[in-house]
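Before any comments, here is the structure.
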Amino acid sequence: MSAAASETPHAPGEGAPRQVLSLYDCVAIIVGLVIGTGIFGFPSIVAGVLGQTDAILMVWLAGGVVSIIGALCYAELATAYPSAGGEYYFLTRAYGPNIGFMFAWARLTVIQSGSIALFAYIFGDYATQLVPLGAYSAAIYAALTVIVLTALNLAGVRQTKNFQNVLFAATMLGLGVLILAGVLGAPSEAIVPAQEPQAIGMASIGTAMLLVLLTFGGWNEAAYISAEVKNPSRNMVRALLIAIGIITIVYMAVNFAYLAVLGPSGMASSKAIAADVMRAAFGDTGALIMTFIVLLLILDNTNITLFTGARSAYALGRDFHMFRFLAKWDAPRGVPTSGVLFQSAVALAIVFFAAFGRQGVQTVVDYLQPVFWVFFLLTGLSLFVLRRKDPSTARPFRVPLYPVVPVLFCLTCSYMLYSSVTFTGSGALAGLGVLALGLPFLFFARRRSATGAAQPSTTSVP
């Protein structure tokens, strides 16, 4: 017997998501999810792998194209099934509650909580450069970041979105300054002599694309706010396409700036690429300004990751009785309170352990990736499953050129899954091991579930 999802209707006063997010709010959230620390670290590695200006720019453009293909698939799912559970809801409808449970477990214990802890710790590293707080300075800053952002999210969805909009404007302004630095700091002659073109193998392209798509990663989180978007049938598609268009333009412009000032070899050898570009244009003051910009971006990423992750925790609690404590939605404030608190507690635990062993934090990205791409692939395949399994559901938006576009998306996910396992090596086993720890909980959830399988209707818009 498969695990059954609860069909209990909303209890009086229990609350549910409300449609309060505008198109601008959605675009700000998606851009805030995607643009983060990756654009300040991965371009150096990509340049080292490829070594050619044209190839470097092409892979960043390809990252935008792949993201748009994926966004079109997600737009159909999100408009057909608007839900606070996002991918959890899609996977549960397509494959049943067992797969949905394992995905929610992975997000709760690995993907989201681990990302929050990682972002917060990186914030601590940068903040320590400005005002050190002792031997455990980075961990102290990280813990304070999680606590402050948790309080902000508990205050209400309006406060969170307003704060996010401010961060969005500030980070876009900061990136504009960085792009301007590329123009002002560009030398009249190349810093690094031109090199003879060299052959680029598939392994190099695969490694570069893995890093580029990591930098583009996060737009899929828009699925978790689909139940809170005004006019979702129209605005979800527009928000995804506008946001990814903005992100692609920004990433291309930033890489143009890097290349104009440093060249491919200079990019590859730089340890702080954005600071080096700012220093070339504005001196040491420019490098200090860049530190503040990076802090804003990390804060932006951390806040919105906490925001979306708490909503998948809420969906898990709605559908499985043993996690019922997560299914508390504060209607007046529009907040899944238990989901916010539990996810933050897990993130704080990771920060605590990271304070005594930095290697664990440094490998978070490694063991996140295989788990992420497994479920990303399953979500892409769910579009085919749900079209066949649930043909009567209204689909305000349909993927153009079906089935070519979703097939391309699934093939990309398959290749990225392969690349992530190959690239991370033993780190992949850690993530898969944590995922496997969810199986005993699934076993107990099955034993406590009601007889027969049920669709998780409670996580959809009432």
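Chain identifiers are assigned as A, B, and so on, following the order in which chains appear in the structure tokens; residues are numbered from 1 within each chain, and ligands are numbered from 1 in order of appearance.
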
Would you tabulate, counting only C-alpha atoms, all residues of region 63-90 of chain A that have an atom at most 8 Å from an atom of region 381-390 of chain A, showing the closest pair of atoms and their distance in Å to one decimal, sorted by chain then ascending number, as JSON lines?
```
{"residue": "A:Cys73", "atom": "CA", "partner": "A:Leu383", "partner_atom": "CA", "distance": 7.2}
{"residue": "A:Leu77", "atom": "CA", "partner": "A:Leu383", "partner_atom": "CA", "distance": 6.8}
{"residue": "A:Phe90", "atom": "CA", "partner": "A:Ser382", "partner_atom": "CA", "distance": 7.0}
```

Inset, instruction - Write out as a PyMOL selection string the residues lying within 10 Å of Glu87 (chain A), counting only C-alpha atoms and excluding same-chain residues fewer than 4 positions away. - result: chain A and resi 74+77-78+81+83+91-93+100+103-104+220-224+312+375-376+378-380+382

Taking the chain letters and numbering used in this document, name the residues of region 51-144 of chain A that DSSP puts in helix (DSSP H, G or I), as an mmCIF file with N, CA and C atoms, in the first residue's frame.
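result-v4.cif, freshly written:
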```
data_model
loop_
_atom_site.group_PDB
_atom_site.id
_atom_site.type_symbol
_atom_site.label_atom_id
_atom_site.label_comp_id
_atom_site.auth_asym_id
_atom_site.auth_seq_id
_atom_site.Cartn_x
_atom_site.Cartn_y
_atom_site.Cartn_z
ATOM 1 N N THR A 53 37.622 33.853 -25.070
ATOM 2 C CA THR A 53 36.570 34.848 -24.864
ATOM 3 C C THR A 53 35.237 34.409 -25.460
ATOM 4 N N ASP A 54 35.251 33.981 -26.732
ATOM 5 C CA ASP A 54 34.004 33.588 -27.393
ATOM 6 C C ASP A 54 33.341 32.419 -26.678
ATOM 7 N N ALA A 55 34.133 31.435 -26.304
ATOM 8 C CA ALA A 55 33.581 30.251 -25.639
ATOM 9 C C ALA A 55 33.004 30.611 -24.273
ATOM 10 N N ILE A 56 33.687 31.506 -23.555
ATOM 11 C CA ILE A 56 33.211 31.928 -22.238
ATOM 12 C C ILE A 56 31.847 32.592 -22.357
ATOM 13 N N LEU A 57 31.723 33.515 -23.298
ATOM 14 C CA LEU A 57 30.450 34.222 -23.466
ATOM 15 C C LEU A 57 29.354 33.286 -23.972
ATOM 16 N N MET A 58 29.717 32.326 -24.814
ATOM 17 C CA MET A 58 28.721 31.407 -25.365
ATOM 18 C C MET A 58 28.113 30.518 -24.294
ATOM 19 N N VAL A 59 28.928 30.036 -23.344
ATOM 20 C CA VAL A 59 28.361 29.149 -22.316
ATOM 21 C C VAL A 59 27.430 29.916 -21.379
ATOM 22 N N TRP A 60 27.725 31.205 -21.140
ATOM 23 C CA TRP A 60 26.818 31.991 -20.302
ATOM 24 C C TRP A 60 25.510 32.272 -21.037
ATOM 25 N N LEU A 61 25.587 32.494 -22.338
ATOM 26 C CA LEU A 61 24.366 32.647 -23.129
ATOM 27 C C LEU A 61 23.587 31.335 -23.155
ATOM 28 N N ALA A 62 24.308 30.223 -23.307
ATOM 29 C CA ALA A 62 23.657 28.908 -23.312
ATOM 30 C C ALA A 62 22.956 28.641 -21.986
ATOM 31 N N GLY A 63 23.539 29.101 -20.888
ATOM 32 C CA GLY A 63 22.898 28.937 -19.590
ATOM 33 C C GLY A 63 21.552 29.627 -19.541
ATOM 34 N N GLY A 64 21.455 30.819 -20.143
ATOM 35 C CA GLY A 64 20.182 31.524 -20.198
ATOM 36 C C GLY A 64 19.166 30.794 -21.057
ATOM 37 N N VAL A 65 19.616 30.247 -22.194
ATOM 38 C CA VAL A 65 18.716 29.519 -23.089
ATOM 39 C C VAL A 65 18.173 28.264 -22.401
ATOM 40 N N VAL A 66 19.045 27.504 -21.751
ATOM 41 C CA VAL A 66 18.615 26.295 -21.037
ATOM 42 C C VAL A 66 17.633 26.656 -19.929
ATOM 43 N N SER A 67 17.883 27.739 -19.231
ATOM 44 C CA SER A 67 16.994 28.164 -18.143
ATOM 45 C C SER A 67 15.620 28.549 -18.679
ATOM 46 N N ILE A 68 15.582 29.206 -19.841
ATOM 47 C CA ILE A 68 14.295 29.571 -20.437
ATOM 48 C C ILE A 68 13.520 28.325 -20.845
ATOM 49 N N ILE A 69 14.221 27.330 -21.402
ATOM 50 C CA ILE A 69 13.562 26.071 -21.767
ATOM 51 C C ILE A 69 12.939 25.423 -20.532
ATOM 52 N N GLY A 70 13.699 25.377 -19.448
ATOM 53 C CA GLY A 70 13.170 24.817 -18.204
ATOM 54 C C GLY A 70 12.027 25.643 -17.657
ATOM 55 N N ALA A 71 12.131 26.968 -17.750
ATOM 56 C CA ALA A 71 11.086 27.847 -17.223
ATOM 57 C C ALA A 71 9.766 27.649 -17.959
ATOM 58 N N LEU A 72 9.822 27.381 -19.259
ATOM 59 C CA LEU A 72 8.594 27.138 -20.014
ATOM 60 C C LEU A 72 7.885 25.884 -19.496
ATOM 61 N N CYS A 73 8.661 24.857 -19.159
ATOM 62 C CA CYS A 73 8.081 23.630 -18.597
ATOM 63 C C CYS A 73 7.468 23.902 -17.223
ATOM 64 N N TYR A 74 8.194 24.644 -16.397
ATOM 65 C CA TYR A 74 7.692 24.961 -15.060
ATOM 66 C C TYR A 74 6.470 25.872 -15.130
ATOM 67 N N ALA A 75 6.421 26.751 -16.123
ATOM 68 C CA ALA A 75 5.282 27.656 -16.249
ATOM 69 C C ALA A 75 3.998 26.873 -16.499
ATOM 70 N N GLU A 76 4.063 25.822 -17.324
ATOM 71 C CA GLU A 76 2.862 25.006 -17.545
ATOM 72 C C GLU A 76 2.431 24.326 -16.254
ATOM 73 N N LEU A 77 3.387 23.748 -15.529
ATOM 74 C CA LEU A 77 3.053 23.063 -14.280
ATOM 75 C C LEU A 77 2.507 24.035 -13.243
ATOM 76 N N ALA A 78 3.147 25.199 -13.103
ATOM 77 C CA ALA A 78 2.762 26.147 -12.064
ATOM 78 C C ALA A 78 1.403 26.793 -12.335
ATOM 79 N N THR A 79 1.066 27.010 -13.600
ATOM 80 C CA THR A 79 -0.229 27.612 -13.908
ATOM 81 C C THR A 79 -1.355 26.585 -13.892
ATOM 82 N N ALA A 80 -1.043 25.335 -14.181
ATOM 83 C CA ALA A 80 -2.052 24.275 -14.114
ATOM 84 C C ALA A 80 -2.303 23.838 -12.679
ATOM 85 N N GLU A 87 7.212 22.132 -6.555
ATOM 86 C CA GLU A 87 7.641 20.866 -7.156
ATOM 87 C C GLU A 87 7.136 19.665 -6.365
ATOM 88 N N TYR A 88 7.046 19.817 -5.055
ATOM 89 C CA TYR A 88 6.502 18.731 -4.224
ATOM 90 C C TYR A 88 5.107 18.354 -4.694
ATOM 91 N N TYR A 89 4.297 19.351 -4.972
ATOM 92 C CA TYR A 89 2.925 19.097 -5.417
ATOM 93 C C TYR A 89 2.911 18.454 -6.798
ATOM 94 N N PHE A 90 3.745 18.947 -7.722
ATOM 95 C CA PHE A 90 3.808 18.358 -9.064
ATOM 96 C C PHE A 90 4.221 16.884 -8.989
ATOM 97 N N LEU A 91 5.281 16.607 -8.224
ATOM 98 C CA LEU A 91 5.808 15.241 -8.131
ATOM 99 C C LEU A 91 4.806 14.300 -7.478
ATOM 100 N N THR A 92 4.087 14.788 -6.464
ATOM 101 C CA THR A 92 3.109 13.946 -5.783
ATOM 102 C C THR A 92 1.945 13.615 -6.694
ATOM 103 N N ARG A 93 1.468 14.590 -7.448
ATOM 104 C CA ARG A 93 0.372 14.323 -8.383
ATOM 105 C C ARG A 93 0.804 13.357 -9.482
ATOM 106 N N ALA A 94 2.049 13.471 -9.912
ATOM 107 C CA ALA A 94 2.517 12.648 -11.035
ATOM 108 C C ALA A 94 2.872 11.231 -10.606
ATOM 109 N N TYR A 95 3.569 11.095 -9.484
ATOM 110 C CA TYR A 95 4.145 9.790 -9.108
ATOM 111 C C TYR A 95 3.584 9.214 -7.813
ATOM 112 N N PRO A 97 2.450 9.892 -3.435
ATOM 113 C CA PRO A 97 2.999 10.546 -2.244
ATOM 114 C C PRO A 97 4.360 10.043 -1.800
ATOM 115 N N ASN A 98 4.758 8.843 -2.209
ATOM 116 C CA ASN A 98 6.083 8.363 -1.798
ATOM 117 C C ASN A 98 7.203 9.236 -2.361
ATOM 118 N N ILE A 99 7.138 9.498 -3.672
ATOM 119 C CA ILE A 99 8.142 10.358 -4.306
ATOM 120 C C ILE A 99 8.027 11.776 -3.769
ATOM 121 N N GLY A 100 6.778 12.240 -3.600
ATOM 122 C CA GLY A 100 6.579 13.574 -3.046
ATOM 123 C C GLY A 100 7.195 13.709 -1.665
ATOM 124 N N PHE A 101 7.016 12.678 -0.843
ATOM 125 C CA PHE A 101 7.597 12.705 0.504
ATOM 126 C C PHE A 101 9.119 12.781 0.447
ATOM 127 N N MET A 102 9.728 11.962 -0.395
ATOM 128 C CA MET A 102 11.194 11.944 -0.457
ATOM 129 C C MET A 102 11.737 13.279 -0.958
ATOM 130 N N PHE A 103 11.006 13.910 -1.883
ATOM 131 C CA PHE A 103 11.450 15.219 -2.349
ATOM 132 C C PHE A 103 11.345 16.256 -1.233
ATOM 133 N N ALA A 104 10.209 16.256 -0.528
ATOM 134 C CA ALA A 104 10.038 17.210 0.562
ATOM 135 C C ALA A 104 11.085 16.990 1.644
ATOM 136 N N TRP A 105 11.405 15.721 1.918
ATOM 137 C CA TRP A 105 12.452 15.414 2.893
ATOM 138 C C TRP A 105 13.803 15.970 2.427
ATOM 139 N N ALA A 106 14.093 15.801 1.150
ATOM 140 C CA ALA A 106 15.369 16.288 0.622
ATOM 141 C C ALA A 106 15.456 17.803 0.733
ATOM 142 N N ARG A 107 14.378 18.496 0.413
ATOM 143 C CA ARG A 107 14.388 19.953 0.532
ATOM 144 C C ARG A 107 14.546 20.395 1.979
ATOM 145 N N LEU A 108 13.843 19.701 2.868
ATOM 146 C CA LEU A 108 13.834 20.109 4.270
ATOM 147 C C LEU A 108 15.183 19.909 4.930
ATOM 148 N N THR A 109 15.855 18.817 4.617
ATOM 149 C CA THR A 109 17.074 18.449 5.343
ATOM 150 C C THR A 109 18.363 18.688 4.559
ATOM 151 N N VAL A 110 18.267 18.836 3.239
ATOM 152 C CA VAL A 110 19.478 18.957 2.431
ATOM 153 C C VAL A 110 19.472 20.237 1.603
ATOM 154 N N ILE A 111 18.519 20.341 0.690
ATOM 155 C CA ILE A 111 18.610 21.362 -0.349
ATOM 156 C C ILE A 111 18.429 22.762 0.216
ATOM 157 N N GLN A 112 17.289 23.013 0.878
ATOM 158 C CA GLN A 112 17.018 24.363 1.344
ATOM 159 C C GLN A 112 17.782 24.732 2.610
ATOM 160 N N SER A 113 17.694 23.866 3.622
ATOM 161 C CA SER A 113 18.383 24.175 4.879
ATOM 162 C C SER A 113 19.887 24.258 4.681
ATOM 163 N N GLY A 114 20.422 23.362 3.869
ATOM 164 C CA GLY A 114 21.853 23.405 3.582
ATOM 165 C C GLY A 114 22.234 24.666 2.828
ATOM 166 N N SER A 115 21.374 25.094 1.881
ATOM 167 C CA SER A 115 21.655 26.319 1.128
ATOM 168 C C SER A 115 21.607 27.542 2.033
ATOM 169 N N ILE A 116 20.632 27.580 2.933
ATOM 170 C CA ILE A 116 20.528 28.703 3.872
ATOM 171 C C ILE A 116 21.784 28.782 4.724
ATOM 172 N N ALA A 117 22.216 27.645 5.258
ATOM 173 C CA ALA A 117 23.418 27.622 6.095
ATOM 174 C C ALA A 117 24.654 28.035 5.298
ATOM 175 N N LEU A 118 24.742 27.566 4.067
ATOM 176 C CA LEU A 118 25.899 27.896 3.230
ATOM 177 C C LEU A 118 25.947 29.389 2.924
ATOM 178 N N PHE A 119 24.807 29.949 2.503
ATOM 179 C CA PHE A 119 24.766 31.382 2.212
ATOM 180 C C PHE A 119 25.101 32.200 3.456
ATOM 181 N N ALA A 120 24.523 31.792 4.586
ATOM 182 C CA ALA A 120 24.750 32.539 5.822
ATOM 183 C C ALA A 120 26.212 32.486 6.236
ATOM 184 N N TYR A 121 26.840 31.342 6.039
ATOM 185 C CA TYR A 121 28.244 31.214 6.422
ATOM 186 C C TYR A 121 29.144 32.037 5.495
ATOM 187 N N ILE A 122 28.804 32.053 4.207
ATOM 188 C CA ILE A 122 29.568 32.895 3.276
ATOM 189 C C ILE A 122 29.392 34.364 3.641
ATOM 190 N N PHE A 123 28.163 34.736 4.037
ATOM 191 C CA PHE A 123 27.934 36.097 4.524
ATOM 192 C C PHE A 123 28.851 36.385 5.714
ATOM 193 N N GLY A 124 28.975 35.412 6.601
ATOM 194 C CA GLY A 124 29.853 35.580 7.752
ATOM 195 C C GLY A 124 31.301 35.761 7.366
ATOM 196 N N ASP A 125 31.743 35.049 6.346
ATOM 197 C CA ASP A 125 33.126 35.187 5.875
ATOM 198 C C ASP A 125 33.397 36.608 5.384
ATOM 199 N N TYR A 126 32.455 37.138 4.585
ATOM 200 C CA TYR A 126 32.648 38.485 4.049
ATOM 201 C C TYR A 126 32.517 39.540 5.146
ATOM 202 N N ALA A 127 31.531 39.376 6.048
ATOM 203 C CA ALA A 127 31.343 40.350 7.124
ATOM 204 C C ALA A 127 32.556 40.383 8.044
ATOM 205 N N THR A 128 33.195 39.238 8.220
ATOM 206 C CA THR A 128 34.378 39.166 9.081
ATOM 207 C C THR A 128 35.518 40.010 8.529
ATOM 208 N N GLN A 129 35.568 40.148 7.198
ATOM 209 C CA GLN A 129 36.616 40.987 6.605
ATOM 210 C C GLN A 129 36.451 42.452 6.994
ATOM 211 N N LEU A 130 35.214 42.845 7.294
ATOM 212 C CA LEU A 130 34.951 44.230 7.684
ATOM 213 C C LEU A 130 35.080 44.432 9.191
ATOM 214 N N SER A 137 34.073 34.105 14.285
ATOM 215 C CA SER A 137 33.379 35.261 13.738
ATOM 216 C C SER A 137 32.400 34.888 12.623
ATOM 217 N N ALA A 138 32.847 34.084 11.666
ATOM 218 C CA ALA A 138 31.982 33.728 10.531
ATOM 219 C C ALA A 138 30.738 32.984 10.997
ATOM 220 N N ALA A 139 30.906 32.066 11.952
ATOM 221 C CA ALA A 139 29.768 31.303 12.467
ATOM 222 C C ALA A 139 28.802 32.204 13.231
ATOM 223 N N ILE A 140 29.342 33.172 13.989
ATOM 224 C CA ILE A 140 28.480 34.105 14.732
ATOM 225 C C ILE A 140 27.644 34.935 13.764
ATOM 226 N N TYR A 141 28.307 35.475 12.741
ATOM 227 C CA TYR A 141 27.570 36.242 11.736
ATOM 228 C C TYR A 141 26.534 35.367 11.033
ATOM 229 N N ALA A 142 26.897 34.130 10.730
ATOM 230 C CA ALA A 142 25.974 33.227 10.040
ATOM 231 C C ALA A 142 24.737 32.962 10.890
ATOM 232 N N ALA A 143 24.956 32.667 12.172
ATOM 233 C CA ALA A 143 23.834 32.403 13.064
ATOM 234 C C ALA A 143 22.939 33.634 13.208
ATOM 235 N N LEU A 144 23.553 34.804 13.344
ATOM 236 C CA LEU A 144 22.777 36.035 13.456
ATOM 237 C C LEU A 144 21.979 36.299 12.183
#
```

Counting only C-alpha atoms, which residues of region 122-186 of chain A sit at most 7 Å from some atom of region 266-284 of chain A, and what is each one's closest atom pair with its distance in Å to one decimal, listed by chain and rising residue number, as JSON lines?
```
{"residue": "A:Leu178", "atom": "CA", "partner": "A:Met278", "partner_atom": "CA", "distance": 6.5}
{"residue": "A:Ala181", "atom": "CA", "partner": "A:Ala281", "partner_atom": "CA", "distance": 5.2}
{"residue": "A:Gly182", "atom": "CA", "partner": "A:Val277", "partner_atom": "CA", "distance": 6.5}
{"residue": "A:Leu184", "atom": "CA", "partner": "A:Ala281", "partner_atom": "CA", "distance": 5.6}
{"residue": "A:Gly185", "atom": "CA", "partner": "A:Ala281", "partner_atom": "CA", "distance": 4.1}
```

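Separating CA of Ala203 (chain A) from CA of Ser414 (chain A) is a distance of 15.3 Å.
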
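Each of A:Ala253, A:Ala347, A:Gly32, A:Gly48 was checked against Val183 (chain A) using only C-alpha atoms; the smallest atom-to-atom distance is that of A:Ala253.
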
What's around region 152-155 of chain A at 10 Å? Count only C-alpha atoms, leave out sequence neighbours fewer than 4 positions away in its own chain, and write the answer as a CSV table (one decimal) with N, CA and C atoms, in the first residue's frame.
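File written: result_9.csv
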```csv
chain,number,residue,atom,x,y,z
A,146,VAL,N,20.8,34.0,10.1
A,146,VAL,CA,19.6,33.1,10.1
A,146,VAL,C,18.5,33.6,11.0
A,147,ILE,N,18.9,34.0,12.2
A,147,ILE,CA,18.0,34.5,13.3
A,147,ILE,C,17.2,35.7,12.8
A,148,VAL,N,18.0,36.7,12.3
A,148,VAL,CA,17.3,38.0,11.9
A,148,VAL,C,16.4,37.7,10.7
A,159,GLN,N,6.1,42.2,4.8
A,159,GLN,CA,7.4,42.7,5.2
A,159,GLN,C,8.5,42.0,4.5
A,160,THR,N,8.4,40.7,4.3
A,160,THR,CA,9.4,40.0,3.6
A,160,THR,C,9.5,40.4,2.2
A,161,LYS,N,8.4,40.6,1.5
A,161,LYS,CA,8.5,41.0,0.1
A,161,LYS,C,9.0,42.4,-0.1
A,163,PHE,N,11.1,43.9,2.0
A,163,PHE,CA,12.6,43.8,2.2
A,163,PHE,C,13.3,43.3,1.0
A,303,ASN,N,17.6,35.2,2.3
A,303,ASN,CA,16.2,35.5,2.7
A,303,ASN,C,15.2,34.8,1.8
A,304,ILE,N,15.4,34.8,0.5
A,304,ILE,CA,14.4,34.2,-0.4
A,304,ILE,C,14.5,32.7,-0.3
A,306,LEU,N,15.0,31.0,2.4
A,306,LEU,CA,14.3,30.7,3.6
A,306,LEU,C,12.8,30.8,3.3
A,307,PHE,N,12.4,31.9,2.6
A,307,PHE,CA,11.0,32.2,2.2
A,307,PHE,C,10.4,31.0,1.5
A,310,ALA,N,10.4,27.3,3.4
A,310,ALA,CA,9.3,27.1,4.5
A,310,ALA,C,8.0,26.7,3.9
A,330,ASP,N,-0.1,31.0,9.3
A,330,ASP,CA,-0.7,32.2,9.9
A,330,ASP,C,-1.3,33.0,8.9
A,333,ARG,N,-0.8,37.0,8.7
A,333,ARG,CA,0.5,37.4,8.2
A,333,ARG,C,1.0,36.7,7.0
A,334,GLY,N,0.3,35.7,6.5
A,334,GLY,CA,0.6,35.0,5.3
A,334,GLY,C,1.9,34.2,5.5
A,335,VAL,N,2.1,33.5,6.6
A,335,VAL,CA,3.4,32.9,6.9
A,335,VAL,C,3.2,31.4,7.4
A,336,PRO,N,3.9,30.5,6.8
A,336,PRO,CA,3.9,29.1,7.3
A,336,PRO,C,4.9,29.0,8.6
A,337,THR,N,4.4,29.4,9.7
A,337,THR,CA,5.2,29.7,10.9
A,337,THR,C,6.1,28.5,11.3
A,338,SER,N,5.5,27.3,11.4
A,338,SER,CA,6.3,26.1,11.8
A,338,SER,C,7.3,25.8,10.8
A,340,VAL,N,8.9,27.8,8.8
A,340,VAL,CA,10.0,28.8,8.9
A,340,VAL,C,10.9,28.4,10.1
A,341,LEU,N,10.3,28.1,11.2
A,341,LEU,CA,11.1,27.9,12.5
A,341,LEU,C,11.9,26.6,12.3
```

Legend entry - Point-to-point distance from CA of Asp300 (chain A) to CA of Phe325 (chain A), Å rounded to tenths: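 Answer for the CA of Asp300 (chain A) to CA of Phe325 (chain A) separation: 27.8 Å.
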
Legend entry - Atom-to-atom span, CA of Thr248 (chain A) and CA of Phe216 (chain A), Å: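 Going from CA of Thr248 (chain A) over to CA of Phe216 (chain A) covers 8.4 Å.
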
Inset, instruction - Find, counting only C-alpha atoms, the residue in A:Gly339, A:Gly263, A:Pro43, A:Gly317 that gets nearest to Thr150 (chain A). - result: A:Gly339
